[in-house]
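Q: So here's final.csv, just CSV, C-alpha atoms:
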chain,number,residue,atom,x,y,z
A,1,MET,CA,150.7,156.1,-77.4
A,2,GLU,CA,150.9,158.1,-74.1
A,3,PHE,CA,150.0,161.7,-74.4
A,4,SER,CA,151.1,164.4,-72.0
A,5,SER,CA,147.9,166.5,-72.7
A,6,LYS,CA,144.2,165.5,-73.0
A,7,LEU,CA,143.7,168.3,-75.5
A,8,LEU,CA,146.5,166.9,-77.7
A,9,GLU,CA,145.2,163.3,-77.3
A,10,ASN,CA,141.7,164.4,-78.3
A,11,ALA,CA,142.8,166.3,-81.4
A,12,VAL,CA,145.0,163.4,-82.5
A,13,HIS,CA,142.1,161.0,-81.9
A,14,GLU,CA,139.7,163.0,-84.0
A,15,MET,CA,142.3,163.5,-86.8
A,16,SER,CA,143.1,159.8,-86.9
A,17,GLN,CA,139.4,159.0,-87.6
A,18,LEU,CA,140.0,160.3,-91.2
A,19,PRO,CA,140.6,157.6,-93.7
A,20,GLY,CA,144.3,156.7,-94.3
A,21,ILE,CA,145.4,158.8,-91.3
A,22,GLY,CA,146.9,156.8,-88.5
A,23,LYS,CA,147.8,157.9,-85.0
A,24,ARG,CA,151.4,158.9,-85.9
A,25,THR,CA,150.4,160.9,-89.0
A,26,ALA,CA,147.6,162.5,-87.0
A,27,LEU,CA,150.1,163.6,-84.3
A,28,ARG,CA,152.4,165.0,-87.0
A,29,LEU,CA,149.5,167.0,-88.5
A,30,VAL,CA,148.4,168.3,-85.2
A,31,LEU,CA,151.9,169.3,-84.1
A,32,HIS,CA,152.3,171.1,-87.4
A,33,LEU,CA,149.1,173.1,-86.7
A,34,LEU,CA,150.6,174.1,-83.3
A,35,LYS,CA,153.7,175.5,-84.9
A,36,GLN,CA,151.6,177.6,-87.4
A,37,PRO,CA,149.8,180.8,-86.5
A,38,LYS,CA,146.4,180.4,-84.8
A,39,GLU,CA,144.7,181.7,-87.9
A,40,ARG,CA,145.7,178.6,-89.9
A,41,THR,CA,143.8,176.3,-87.5
A,42,GLN,CA,140.8,178.7,-87.5
A,43,GLU,CA,140.7,178.8,-91.3
A,44,LEU,CA,140.9,175.0,-91.6
A,45,SER,CA,138.3,174.5,-88.9
A,46,THR,CA,136.0,177.1,-90.4
A,47,ALA,CA,136.4,175.7,-94.0
A,48,ILE,CA,135.4,172.2,-93.1
A,49,LEU,CA,132.6,173.2,-90.8
A,50,LYS,CA,131.2,175.6,-93.3
A,51,LEU,CA,131.3,173.0,-96.0
A,52,ARG,CA,129.6,170.4,-93.8
A,53,GLU,CA,126.9,172.8,-92.7
A,54,GLU,CA,126.1,174.5,-95.9
A,55,VAL,CA,126.9,171.9,-98.5
A,56,ASN,CA,124.3,171.7,-101.3
A,57,PHE,CA,123.7,168.9,-103.7
A,58,CYS,CA,122.4,169.8,-107.2
A,59,LYS,CA,118.7,168.9,-107.3
A,60,SER,CA,119.1,167.4,-110.7
A,61,CYS,CA,122.5,165.5,-110.8
A,62,PHE,CA,123.4,165.4,-107.0
A,63,ASN,CA,126.8,166.8,-107.7
A,64,ILE,CA,128.2,169.1,-104.9
A,65,SER,CA,127.1,172.6,-105.7
A,66,ASP,CA,126.8,176.0,-104.1
A,67,SER,CA,123.4,176.7,-105.6
A,68,GLU,CA,120.2,174.7,-106.1
A,69,TYR,CA,121.4,173.4,-109.5
A,70,CYS,CA,125.0,172.9,-110.4
A,71,GLU,CA,127.0,174.8,-113.1
A,72,ILE,CA,127.0,171.8,-115.4
A,73,CYS,CA,123.2,171.3,-115.1
A,74,THR,CA,122.5,175.0,-115.7
A,75,ASN,CA,124.9,175.3,-118.6
A,76,PRO,CA,122.8,175.6,-121.8
A,77,LYS,CA,125.7,174.3,-123.9
A,78,ARG,CA,125.7,170.9,-122.3
A,79,ASP,CA,123.7,168.1,-123.9
A,80,ASN,CA,120.6,167.1,-122.0
A,81,SER,CA,120.1,163.9,-123.8
A,82,ILE,CA,123.2,162.0,-122.6
A,83,ILE,CA,123.9,161.3,-119.0
A,84,CYS,CA,127.1,159.9,-117.5
A,85,VAL,CA,126.3,157.9,-114.3
A,86,VAL,CA,129.2,158.1,-111.8
A,87,GLU,CA,129.8,157.1,-108.2
A,88,ASP,CA,130.9,160.4,-106.7
A,89,VAL,CA,132.1,163.9,-107.1
A,90,ARG,CA,135.7,162.9,-107.8
A,91,ASP,CA,134.6,161.0,-110.9
A,92,VAL,CA,132.8,164.1,-112.2
A,93,MET,CA,136.0,166.1,-111.7
A,94,ALA,CA,138.1,163.4,-113.4
A,95,ILE,CA,135.8,163.2,-116.5
A,96,GLU,CA,135.5,167.0,-116.7
A,97,ASN,CA,139.3,167.2,-116.8
A,98,THR,CA,139.4,165.2,-120.0
A,99,ALA,CA,137.2,167.8,-121.7
A,100,GLN,CA,135.8,164.9,-123.8
A,101,PHE,CA,132.3,164.8,-122.4
A,102,HIS,CA,129.6,167.4,-123.1
A,103,GLY,CA,126.5,165.8,-121.7
A,104,LYS,CA,125.4,165.9,-118.1
A,105,TYR,CA,126.1,163.7,-115.0
A,106,HIS,CA,124.2,161.8,-112.4
A,107,VAL,CA,126.1,161.2,-109.1
A,108,LEU,CA,124.9,158.1,-107.4
A,109,GLY,CA,126.6,158.7,-104.1
A,110,GLY,CA,128.1,155.2,-103.9
A,111,LYS,CA,127.6,151.7,-105.2
A,112,ILE,CA,125.2,149.0,-104.2
A,113,SER,CA,127.2,147.0,-101.6
A,114,PRO,CA,125.4,144.4,-99.5
A,115,MET,CA,128.6,143.9,-97.6
A,116,GLU,CA,128.7,147.5,-96.4
A,117,GLY,CA,124.9,147.7,-96.1
A,118,VAL,CA,124.4,150.0,-99.0
A,119,GLY,CA,121.2,149.2,-100.9
A,120,PRO,CA,119.6,150.9,-104.0
A,121,GLN,CA,117.5,153.1,-101.7
A,122,ASP,CA,120.7,154.7,-100.2
A,123,LEU,CA,121.7,155.9,-103.6
A,124,THR,CA,120.1,158.4,-106.0
A,125,ILE,CA,118.9,155.7,-108.4
A,126,GLN,CA,115.2,156.5,-108.2
A,127,PRO,CA,115.7,160.2,-109.3
A,128,LEU,CA,117.8,158.9,-112.2
A,129,ILE,CA,115.0,156.5,-113.3
A,130,ASP,CA,112.5,159.3,-113.0
A,131,LYS,CA,114.6,161.6,-115.1
A,132,VAL,CA,114.9,158.9,-117.8
A,133,LYS,CA,111.1,158.3,-117.6
A,134,ARG,CA,110.5,162.0,-118.3
A,135,GLY,CA,111.9,161.1,-121.7
A,136,GLU,CA,114.6,163.7,-122.3
A,137,VAL,CA,117.5,161.3,-122.0
A,138,LYS,CA,118.6,159.2,-125.0
A,139,GLU,CA,121.7,157.6,-123.7
A,140,LEU,CA,123.1,156.6,-120.3
A,141,ILE,CA,126.8,156.0,-119.9
A,142,PHE,CA,127.7,153.8,-116.9
A,143,ALA,CA,131.1,155.0,-115.6
A,144,LEU,CA,131.3,153.1,-112.3
A,145,SER,CA,134.4,151.3,-111.3
A,146,SER,CA,134.5,147.8,-112.7
A,147,THR,CA,134.3,146.0,-109.4
A,148,MET,CA,131.6,143.5,-108.3
A,149,GLU,CA,129.7,146.4,-106.6
A,150,GLY,CA,130.0,148.6,-109.7
A,151,ASP,CA,128.8,145.8,-112.0
A,152,THR,CA,125.9,145.1,-109.6
A,153,THR,CA,124.9,148.7,-109.6
A,154,ASN,CA,125.1,149.0,-113.4
A,155,PHE,CA,123.0,145.8,-113.7
A,156,TYR,CA,120.4,147.0,-111.2
A,157,ILE,CA,119.9,150.3,-113.0
A,158,TYR,CA,119.8,148.5,-116.3
A,159,LYS,CA,117.0,146.2,-115.1
A,160,GLN,CA,115.0,149.2,-113.8
A,161,LEU,CA,115.1,150.6,-117.3
A,162,GLU,CA,113.5,147.6,-118.9
A,163,GLY,CA,110.8,148.5,-121.3
A,164,ILE,CA,112.1,152.1,-121.7
A,165,ASP,CA,113.6,153.0,-125.0
A,166,ILE,CA,117.0,154.2,-124.1
A,167,LYS,CA,120.6,153.4,-125.2
A,168,THR,CA,123.0,152.3,-122.4
A,169,SER,CA,126.7,152.0,-122.7
A,170,THR,CA,129.7,151.6,-120.4
A,171,ILE,CA,133.0,153.4,-120.7
A,172,ALA,CA,135.6,151.4,-122.6
A,173,ARG,CA,137.9,149.1,-120.6
A,174,GLY,CA,141.3,148.4,-122.1
A,175,ILE,CA,145.0,149.0,-121.9
A,176,ALA,CA,145.8,152.5,-120.6
A,177,VAL,CA,147.4,154.8,-123.2
A,178,GLY,CA,151.2,154.4,-122.8
A,179,ASP,CA,151.1,151.1,-120.9
A,180,GLU,CA,153.1,148.1,-121.8
A,181,LEU,CA,151.0,145.0,-122.7
A,182,GLU,CA,153.2,142.6,-120.7
A,183,TYR,CA,152.3,144.3,-117.4
A,184,ALA,CA,148.6,144.4,-118.0
A,185,ASP,CA,146.3,142.0,-116.2
A,186,GLU,CA,144.7,139.2,-118.2
A,187,VAL,CA,141.1,140.4,-117.8
A,188,THR,CA,141.8,143.9,-119.0
A,189,LEU,CA,144.0,142.6,-121.9
A,190,GLY,CA,141.3,140.0,-122.8
A,191,ARG,CA,138.5,142.7,-122.8
A,192,SER,CA,140.7,145.0,-124.9
A,193,ILE,CA,140.9,142.3,-127.6
A,194,LEU,CA,137.2,141.5,-127.5
A,195,ASN,CA,136.2,145.1,-127.6
A,196,ARG,CA,138.7,146.1,-130.3
A,197,VAL,CA,137.9,149.2,-132.3
A,198,PRO,CA,138.4,149.9,-136.0
A,199,PHE,CA,141.8,151.3,-136.6
A,200,GLU,CA,140.4,154.4,-138.3
A,201,HIS,CA,138.6,155.3,-135.0
A,202,SER,CA,141.8,155.1,-133.0
A,203,ILE,CA,143.5,157.5,-135.5
A,204,LYS,CA,140.6,160.0,-135.1
A,205,ALA,CA,140.8,159.8,-131.3
A,206,SER,CA,144.5,160.7,-131.0
B,1,MET,CA,141.5,170.6,-110.4
B,2,GLU,CA,138.1,172.2,-111.2
B,3,PHE,CA,135.6,172.3,-108.3
B,4,SER,CA,131.9,172.5,-108.7
B,5,SER,CA,131.6,174.4,-105.4
B,6,LYS,CA,133.6,177.2,-103.8
B,7,LEU,CA,132.9,175.7,-100.3
B,8,LEU,CA,134.4,172.4,-101.4
B,9,GLU,CA,137.4,174.1,-103.1
B,10,ASN,CA,138.1,176.1,-99.9
B,11,ALA,CA,137.9,173.1,-97.6
B,12,VAL,CA,140.2,171.1,-99.9
B,13,HIS,CA,142.6,174.1,-100.1
B,14,GLU,CA,142.9,174.4,-96.4
B,15,MET,CA,143.2,170.7,-95.8
B,16,SER,CA,146.0,170.4,-98.5
B,17,GLN,CA,148.1,172.9,-96.5
B,18,LEU,CA,148.8,170.2,-94.0
B,19,PRO,CA,152.2,168.5,-94.5
B,20,GLY,CA,152.1,165.4,-96.7
B,21,ILE,CA,148.5,166.0,-97.8
B,22,GLY,CA,148.1,166.8,-101.5
B,23,LYS,CA,145.1,168.1,-103.3
B,24,ARG,CA,143.8,164.6,-104.1
B,25,THR,CA,144.1,163.3,-100.5
B,26,ALA,CA,142.6,166.5,-99.2
B,27,LEU,CA,139.6,165.9,-101.5
B,28,ARG,CA,139.2,162.3,-100.3
B,29,LEU,CA,139.3,163.4,-96.7
B,30,VAL,CA,136.8,166.2,-97.2
B,31,LEU,CA,134.4,164.0,-99.1
B,32,HIS,CA,134.7,161.4,-96.3
B,33,LEU,CA,133.6,164.1,-93.8
B,34,LEU,CA,130.6,164.9,-96.0
B,35,LYS,CA,129.5,161.3,-95.9
B,36,GLN,CA,129.7,161.2,-92.1
B,37,PRO,CA,127.2,162.7,-89.6
B,38,LYS,CA,127.7,166.5,-89.1
B,39,GLU,CA,128.8,165.8,-85.5
B,40,ARG,CA,132.0,164.2,-86.8
B,41,THR,CA,133.1,167.4,-88.5
B,42,GLN,CA,132.1,169.4,-85.5
B,43,GLU,CA,134.1,167.2,-83.2
B,44,LEU,CA,137.2,167.3,-85.4
B,45,SER,CA,136.9,171.1,-85.8
B,46,THR,CA,136.4,171.7,-82.1
B,47,ALA,CA,139.2,169.4,-81.1
B,48,ILE,CA,141.9,171.1,-83.2
B,49,LEU,CA,140.6,174.7,-82.4
B,50,LYS,CA,140.5,173.9,-78.7
B,51,LEU,CA,144.0,172.5,-78.7
B,52,ARG,CA,145.4,175.5,-80.7
B,53,GLU,CA,143.6,178.0,-78.5
B,54,GLU,CA,144.2,176.5,-75.1
B,55,VAL,CA,147.5,174.7,-75.6
B,56,ASN,CA,149.9,175.0,-72.7
B,57,PHE,CA,153.6,174.3,-72.6
B,58,CYS,CA,155.2,173.1,-69.4
B,59,LYS,CA,157.0,176.1,-67.8
B,60,SER,CA,159.9,173.9,-66.9
B,61,CYS,CA,160.5,171.5,-69.8
B,62,PHE,CA,158.3,173.0,-72.6
B,63,ASN,CA,156.5,169.7,-73.2
B,64,ILE,CA,152.8,170.1,-74.2
B,65,SER,CA,150.8,170.0,-71.0
B,66,ASP,CA,147.3,170.8,-69.8
B,67,SER,CA,148.5,172.5,-66.7
B,68,GLU,CA,151.3,174.9,-65.9
B,69,TYR,CA,153.8,172.2,-65.2
B,70,CYS,CA,153.6,168.8,-67.0
B,71,GLU,CA,153.0,165.4,-65.4
B,72,ILE,CA,156.7,164.4,-65.8
B,73,CYS,CA,158.1,167.5,-64.2
B,74,THR,CA,155.6,167.3,-61.3
B,75,ASN,CA,156.2,163.6,-60.7
B,76,PRO,CA,158.3,163.3,-57.5
B,77,LYS,CA,159.6,159.9,-58.6
B,78,ARG,CA,161.5,161.3,-61.6
B,79,ASP,CA,165.1,162.2,-61.2
B,80,ASN,CA,165.8,165.9,-61.3
B,81,SER,CA,169.5,165.6,-61.8
B,82,ILE,CA,169.4,164.1,-65.3
B,83,ILE,CA,167.8,165.9,-68.3
B,84,CYS,CA,167.2,164.4,-71.7
B,85,VAL,CA,167.3,167.2,-74.4
B,86,VAL,CA,164.9,166.4,-77.3
B,87,GLU,CA,163.6,168.2,-80.4
B,88,ASP,CA,159.9,167.9,-79.9
B,89,VAL,CA,157.0,166.3,-78.1
B,90,ARG,CA,157.1,163.2,-80.3
B,91,ASP,CA,160.6,162.4,-79.0
B,92,VAL,CA,159.4,162.6,-75.4
B,93,MET,CA,156.6,160.2,-76.3
B,94,ALA,CA,159.0,157.8,-78.0
B,95,ILE,CA,161.5,157.8,-75.1
B,96,GLU,CA,158.7,157.4,-72.5
B,97,ASN,CA,157.4,154.4,-74.4
B,98,THR,CA,160.7,152.6,-73.8
B,99,ALA,CA,160.3,153.0,-70.0
B,100,GLN,CA,164.1,153.1,-69.8
B,101,PHE,CA,164.5,156.8,-68.7
B,102,HIS,CA,163.5,158.1,-65.3
B,103,GLY,CA,164.9,161.6,-65.5
B,104,LYS,CA,163.3,164.7,-66.9
B,105,TYR,CA,163.1,166.2,-70.4
B,106,HIS,CA,163.8,169.5,-72.0
B,107,VAL,CA,161.9,170.1,-75.3
B,108,LEU,CA,163.9,172.5,-77.6
B,109,GLY,CA,161.1,173.0,-80.1
B,110,GLY,CA,163.3,172.4,-83.0
B,111,LYS,CA,166.9,172.4,-84.2
B,112,ILE,CA,169.3,175.2,-85.1
B,113,SER,CA,168.9,175.5,-88.9
B,114,PRO,CA,170.3,178.6,-90.7
B,115,MET,CA,168.8,177.2,-93.9
B,116,GLU,CA,165.3,177.4,-92.4
B,117,GLY,CA,166.0,180.6,-90.5
B,118,VAL,CA,165.9,178.9,-87.1
B,119,GLY,CA,168.5,180.4,-84.7
B,120,PRO,CA,169.3,179.6,-81.0
B,121,GLN,CA,166.9,182.4,-79.9
B,122,ASP,CA,164.0,180.6,-81.5
B,123,LEU,CA,164.5,177.5,-79.4
B,124,THR,CA,164.2,177.0,-75.6
B,125,ILE,CA,168.0,176.9,-75.2
B,126,GLN,CA,168.3,179.8,-72.8
B,127,PRO,CA,165.9,178.3,-70.2
B,128,LEU,CA,167.9,175.1,-70.4
B,129,ILE,CA,171.2,176.9,-69.7
B,130,ASP,CA,169.5,178.8,-66.8
B,131,LYS,CA,168.2,175.5,-65.4
B,132,VAL,CA,171.7,174.0,-65.5
B,133,LYS,CA,173.2,177.1,-63.9
B,134,ARG,CA,170.8,176.8,-61.0
B,135,GLY,CA,172.9,173.7,-60.2
B,136,GLU,CA,170.4,170.9,-59.8
B,137,VAL,CA,171.3,169.1,-63.0
B,138,LYS,CA,174.2,166.7,-63.1
B,139,GLU,CA,173.9,165.2,-66.5
B,140,LEU,CA,172.5,166.3,-69.9
B,141,ILE,CA,171.7,163.6,-72.5
B,142,PHE,CA,171.5,164.9,-76.0
B,143,ALA,CA,168.9,162.9,-77.9
B,144,LEU,CA,168.5,165.1,-81.1
B,145,SER,CA,168.6,163.4,-84.5
B,146,SER,CA,172.1,163.0,-85.8
B,147,THR,CA,171.8,165.3,-88.8
B,148,MET,CA,173.9,168.4,-89.4
B,149,GLU,CA,171.3,170.5,-87.6
B,150,GLY,CA,171.1,168.2,-84.7
B,151,ASP,CA,174.9,168.1,-84.3
B,152,THR,CA,175.1,171.9,-84.6
B,153,THR,CA,172.4,172.3,-81.9
B,154,ASN,CA,174.2,169.8,-79.6
B,155,PHE,CA,177.5,171.6,-80.1
B,156,TYR,CA,176.0,175.1,-79.5
B,157,ILE,CA,174.5,174.0,-76.2
B,158,TYR,CA,177.8,172.2,-75.3
B,159,LYS,CA,179.7,175.5,-75.8
B,160,GLN,CA,177.2,177.5,-73.8
B,161,LEU,CA,177.9,175.1,-70.9
B,162,GLU,CA,181.7,175.7,-70.9
B,163,GLY,CA,183.0,176.3,-67.4
B,164,ILE,CA,180.0,174.6,-65.8
B,165,ASP,CA,180.6,171.3,-64.0
B,166,ILE,CA,178.1,169.0,-65.8
B,167,LYS,CA,178.3,165.7,-67.5
B,168,THR,CA,177.1,165.6,-71.1
B,169,SER,CA,176.3,162.5,-73.2
B,170,THR,CA,174.5,161.6,-76.4
B,171,ILE,CA,172.3,158.6,-77.0
B,172,ALA,CA,174.2,155.6,-78.5
B,173,ARG,CA,174.3,155.3,-82.3
B,174,GLY,CA,174.6,151.8,-83.6
B,175,ILE,CA,172.9,148.9,-85.4
B,176,ALA,CA,169.3,148.6,-84.5
B,177,VAL,CA,168.3,145.5,-82.5
B,178,GLY,CA,167.3,142.8,-85.0
B,179,ASP,CA,168.9,144.5,-88.0
B,180,GLU,CA,171.3,142.8,-90.4
B,181,LEU,CA,174.8,144.1,-90.6
B,182,GLU,CA,175.0,143.9,-94.4
B,183,TYR,CA,172.2,146.4,-94.8
B,184,ALA,CA,173.5,149.0,-92.3
B,185,ASP,CA,175.1,152.2,-93.6
B,186,GLU,CA,178.9,152.6,-93.1
B,187,VAL,CA,178.7,155.5,-90.8
B,188,THR,CA,176.4,153.8,-88.3
B,189,LEU,CA,178.4,150.5,-88.6
B,190,GLY,CA,181.7,152.4,-88.1
B,191,ARG,CA,180.3,154.2,-85.0
B,192,SER,CA,179.0,150.9,-83.6
B,193,ILE,CA,182.5,149.5,-83.7
B,194,LEU,CA,184.2,152.6,-82.3
B,195,ASN,CA,181.6,152.8,-79.4
B,196,ARG,CA,181.5,149.1,-78.7
B,197,VAL,CA,180.3,148.1,-75.2
B,198,PRO,CA,181.6,145.4,-72.9
B,199,PHE,CA,179.8,142.2,-73.5
B,200,GLU,CA,178.6,142.0,-69.9
B,201,HIS,CA,176.7,145.3,-70.4
B,202,SER,CA,174.8,143.9,-73.4
B,203,ILE,CA,173.8,140.8,-71.4
B,204,LYS,CA,172.5,143.0,-68.6
B,205,ALA,CA,170.5,145.2,-71.1
B,206,SER,CA,168.7,142.4,-72.8
Show the structure stored in the file as structure tokens.
A:
Amino acid sequence: MEFSSKLLENAVHEMSQLPGIGKRTALRLVLHLLKQPKERTQELSTAILKLREEVNFCKSCFNISDSEYCEICTNPKRDNSIICVVEDVRDVMAIENTAQFHGKYHVLGGKISPMEGVGPQDLTIQPLIDKVKRGEVKELIFALSSTMEGDTTNFYIYKQLEGIDIKTSTIARGIAVGDELEYADEVTLGRSILNRVPFEHSIKAS
Amino acid sequence: MEFSSKLLENAVHEMSQLPGIGKRTALRLVLHLLKQPKERTQELSTAILKLREEVNFCKSCFNISDSEYCEICTNPKRDNSIICVVEDVRDVMAIENTAQFHGKYHVLGGKISPMEGVGPQDLTIQPLIDKVKRGEVKELIFALSSTMEGDTTNFYIYKQLEGIDIKTSTIARGIAVGDELEYADEVTLGRSILNRVPFEHSIKAS
């Protein structure tokens, strides 16, 4: 791609470093900004800079937060004894949207992935173990994605908890509500049969 | 979408104002920035701000340029007598990539579109007419997209040139090289038959 301006080339280059944004899309976005009032670019630029400079992570659960402890951790109505372990902030938002969970979270900040050079020390696993060892927590729900990395991370934490009296569970895997059986993959369908639930439970849930 | 931080919410909001970027994608992009070193966000932010503040449009062809006149307009090897009229900077880049055009460009900055409130006075049509009237230009190639707005814009410029001795042409519409006839739309296929070219020409071009 030949650019008529270094400034344009530079802006497109920086924009195309974002995940899923190629050179063409980056060019489209940057040209869009040029057609908008200058304030738009200033607002965008300030918003991302301010976030990056001033971002805070909750000292207890490592969720993104504007204060020292996040709104969920400081909410007295939330159950301290049950912690849902998730990969990142988006998972917290997804689970919060269901309004089905009233405990607290622990954001790991990723998954153990030797391929990408992410080890246990790069994640917030130690603070989680410490929290559990302090004895307030009765149950840990693993809600990581069910990939090799997710399973490894779950297992690593599980091993670290050996000898501690705590219940651990993982979120249910199965056929999504509304999905057709014939299009489901075999692993999911297989697990949904192995982990079948009493019919009365399914009536209560719906 | 419920955010745990105002800073995050604001950054996602600003990012999702870009065309084709929804709230979810915006969140993904912003969280990506948070995982990268601070310099990345600073570089991105500076690049778009600098472009927006310091952007220059070539005084002759209205292409984006770092100096008063762009590299194409100041290139003595380019033919002054033939001007290719395009909608925006991306079209200039696309035609330059073909290396088939050695004249100059004129960037309109859009198309006449009453639906979107874009009239002839919002585009750089008057400077184009003035340029033609100064008498250096012998041919105008219309390379706008063949939509209603593109055709309207072509026709508007064509009418403004009435009484001036100048050749006007449009780029050829036809079946793309390598495309199958059976999948082509009727209008394009029809035009490709009406505007057929002598066989010897097609040999020369390839």
Q: If we count all atoms listed in the file, what is near segment 22-36 of chain B at a cut-off of 12 Å, once residues fewer than 4 positions away on the same chain are taken out, given as a PyMOL selection string?
A: (chain A and resi 14-21+44-45+47-57+63-64+88-91+93-94+109-110+122) or (chain B and resi 1-3+7-18+40-45)
Q: With C-alpha atoms retained, could you export that selection as a PDB file, in the frame of the given file?
A:
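As written to disk, part.pdb reads:
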ATOM      1  CA  GLU A  14     139.700 163.000 -84.000  1.00  0.00           C
ATOM      2  CA  MET A  15     142.300 163.500 -86.800  1.00  0.00           C
ATOM      3  CA  SER A  16     143.100 159.800 -86.900  1.00  0.00           C
ATOM      4  CA  GLN A  17     139.400 159.000 -87.600  1.00  0.00           C
ATOM      5  CA  LEU A  18     140.000 160.300 -91.200  1.00  0.00           C
ATOM      6  CA  PRO A  19     140.600 157.600 -93.700  1.00  0.00           C
ATOM      7  CA  GLY A  20     144.300 156.700 -94.300  1.00  0.00           C
ATOM      8  CA  ILE A  21     145.400 158.800 -91.300  1.00  0.00           C
ATOM      9  CA  LEU A  44     140.900 175.000 -91.600  1.00  0.00           C
ATOM     10  CA  SER A  45     138.300 174.500 -88.900  1.00  0.00           C
ATOM     11  CA  ALA A  47     136.400 175.700 -94.000  1.00  0.00           C
ATOM     12  CA  ILE A  48     135.400 172.200 -93.100  1.00  0.00           C
ATOM     13  CA  LEU A  49     132.600 173.200 -90.800  1.00  0.00           C
ATOM     14  CA  LYS A  50     131.200 175.600 -93.300  1.00  0.00           C
ATOM     15  CA  LEU A  51     131.300 173.000 -96.000  1.00  0.00           C
ATOM     16  CA  ARG A  52     129.600 170.400 -93.800  1.00  0.00           C
ATOM     17  CA  GLU A  53     126.900 172.800 -92.700  1.00  0.00           C
ATOM     18  CA  GLU A  54     126.100 174.500 -95.900  1.00  0.00           C
ATOM     19  CA  VAL A  55     126.900 171.900 -98.500  1.00  0.00           C
ATOM     20  CA  ASN A  56     124.300 171.700-101.300  1.00  0.00           C
ATOM     21  CA  PHE A  57     123.700 168.900-103.700  1.00  0.00           C
ATOM     22  CA  ASN A  63     126.800 166.800-107.700  1.00  0.00           C
ATOM     23  CA  ILE A  64     128.200 169.100-104.900  1.00  0.00           C
ATOM     24  CA  ASP A  88     130.900 160.400-106.700  1.00  0.00           C
ATOM     25  CA  VAL A  89     132.100 163.900-107.100  1.00  0.00           C
ATOM     26  CA  ARG A  90     135.700 162.900-107.800  1.00  0.00           C
ATOM     27  CA  ASP A  91     134.600 161.000-110.900  1.00  0.00           C
ATOM     28  CA  MET A  93     136.000 166.100-111.700  1.00  0.00           C
ATOM     29  CA  ALA A  94     138.100 163.400-113.400  1.00  0.00           C
ATOM     30  CA  GLY A 109     126.600 158.700-104.100  1.00  0.00           C
ATOM     31  CA  GLY A 110     128.100 155.200-103.900  1.00  0.00           C
ATOM     32  CA  ASP A 122     120.700 154.700-100.200  1.00  0.00           C
TER      33      ASP A 122
ATOM     34  CA  MET B   1     141.500 170.600-110.400  1.00  0.00           C
ATOM     35  CA  GLU B   2     138.100 172.200-111.200  1.00  0.00           C
ATOM     36  CA  PHE B   3     135.600 172.300-108.300  1.00  0.00           C
ATOM     37  CA  LEU B   7     132.900 175.700-100.300  1.00  0.00           C
ATOM     38  CA  LEU B   8     134.400 172.400-101.400  1.00  0.00           C
ATOM     39  CA  GLU B   9     137.400 174.100-103.100  1.00  0.00           C
ATOM     40  CA  ASN B  10     138.100 176.100 -99.900  1.00  0.00           C
ATOM     41  CA  ALA B  11     137.900 173.100 -97.600  1.00  0.00           C
ATOM     42  CA  VAL B  12     140.200 171.100 -99.900  1.00  0.00           C
ATOM     43  CA  HIS B  13     142.600 174.100-100.100  1.00  0.00           C
ATOM     44  CA  GLU B  14     142.900 174.400 -96.400  1.00  0.00           C
ATOM     45  CA  MET B  15     143.200 170.700 -95.800  1.00  0.00           C
ATOM     46  CA  SER B  16     146.000 170.400 -98.500  1.00  0.00           C
ATOM     47  CA  GLN B  17     148.100 172.900 -96.500  1.00  0.00           C
ATOM     48  CA  LEU B  18     148.800 170.200 -94.000  1.00  0.00           C
ATOM     49  CA  ARG B  40     132.000 164.200 -86.800  1.00  0.00           C
ATOM     50  CA  THR B  41     133.100 167.400 -88.500  1.00  0.00           C
ATOM     51  CA  GLN B  42     132.100 169.400 -85.500  1.00  0.00           C
ATOM     52  CA  GLU B  43     134.100 167.200 -83.200  1.00  0.00           C
ATOM     53  CA  LEU B  44     137.200 167.300 -85.400  1.00  0.00           C
ATOM     54  CA  SER B  45     136.900 171.100 -85.800  1.00  0.00           C
TER      55      SER B  45
END
Q: Might you pull out every residue within 10 Å of Glu139 of chain A, with all atoms listed in the file counted and same-chain residues fewer than 4 positions away left off, and present them as a PDB file with C-alpha atoms, in the coordinates of the input?
A:
ATOM      1  CA  ASN A  80     120.600 167.100-122.000  1.00  0.00           C
ATOM      2  CA  SER A  81     120.100 163.900-123.800  1.00  0.00           C
ATOM      3  CA  ILE A  82     123.200 162.000-122.600  1.00  0.00           C
ATOM      4  CA  ILE A  83     123.900 161.300-119.000  1.00  0.00           C
ATOM      5  CA  CYS A  84     127.100 159.900-117.500  1.00  0.00           C
ATOM      6  CA  GLY A 103     126.500 165.800-121.700  1.00  0.00           C
ATOM      7  CA  VAL A 132     114.900 158.900-117.800  1.00  0.00           C
ATOM      8  CA  ASP A 165     113.600 153.000-125.000  1.00  0.00           C
ATOM      9  CA  ILE A 166     117.000 154.200-124.100  1.00  0.00           C
ATOM     10  CA  LYS A 167     120.600 153.400-125.200  1.00  0.00           C
ATOM     11  CA  THR A 168     123.000 152.300-122.400  1.00  0.00           C
ATOM     12  CA  SER A 169     126.700 152.000-122.700  1.00  0.00           C
TER      13      SER A 169
END
Q: Hey, can you check how far atom CA of Val118 of chain B sits from atom CA of His106 of chain B?
A: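 The value is 17.9 Å.
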Q: For atom CA of Asn97 of chain A and atom CA of Phe155 of chain A, quote the distance in Å rounded to one decimal.
A: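 If I compute the distance from atom CA of Asn97 of chain A to atom CA of Phe155 of chain A, I get 27.1 Å.
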Q: Find the residues near Leu108 of chain B: any atom within 8 Å, counting all atoms listed in the file, skip ones fewer than 6 places away on the same chain, and give them as a CSV table (one decimal) with C-alpha atoms, in the frame of the given file.
A:
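Result written to result-v1.csv:
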chain,number,residue,atom,x,y,z
B,62,PHE,CA,158.3,173.0,-72.6
B,85,VAL,CA,167.3,167.2,-74.4
B,86,VAL,CA,164.9,166.4,-77.3
B,87,GLU,CA,163.6,168.2,-80.4
B,88,ASP,CA,159.9,167.9,-79.9
B,123,LEU,CA,164.5,177.5,-79.4
B,124,THR,CA,164.2,177.0,-75.6
B,125,ILE,CA,168.0,176.9,-75.2
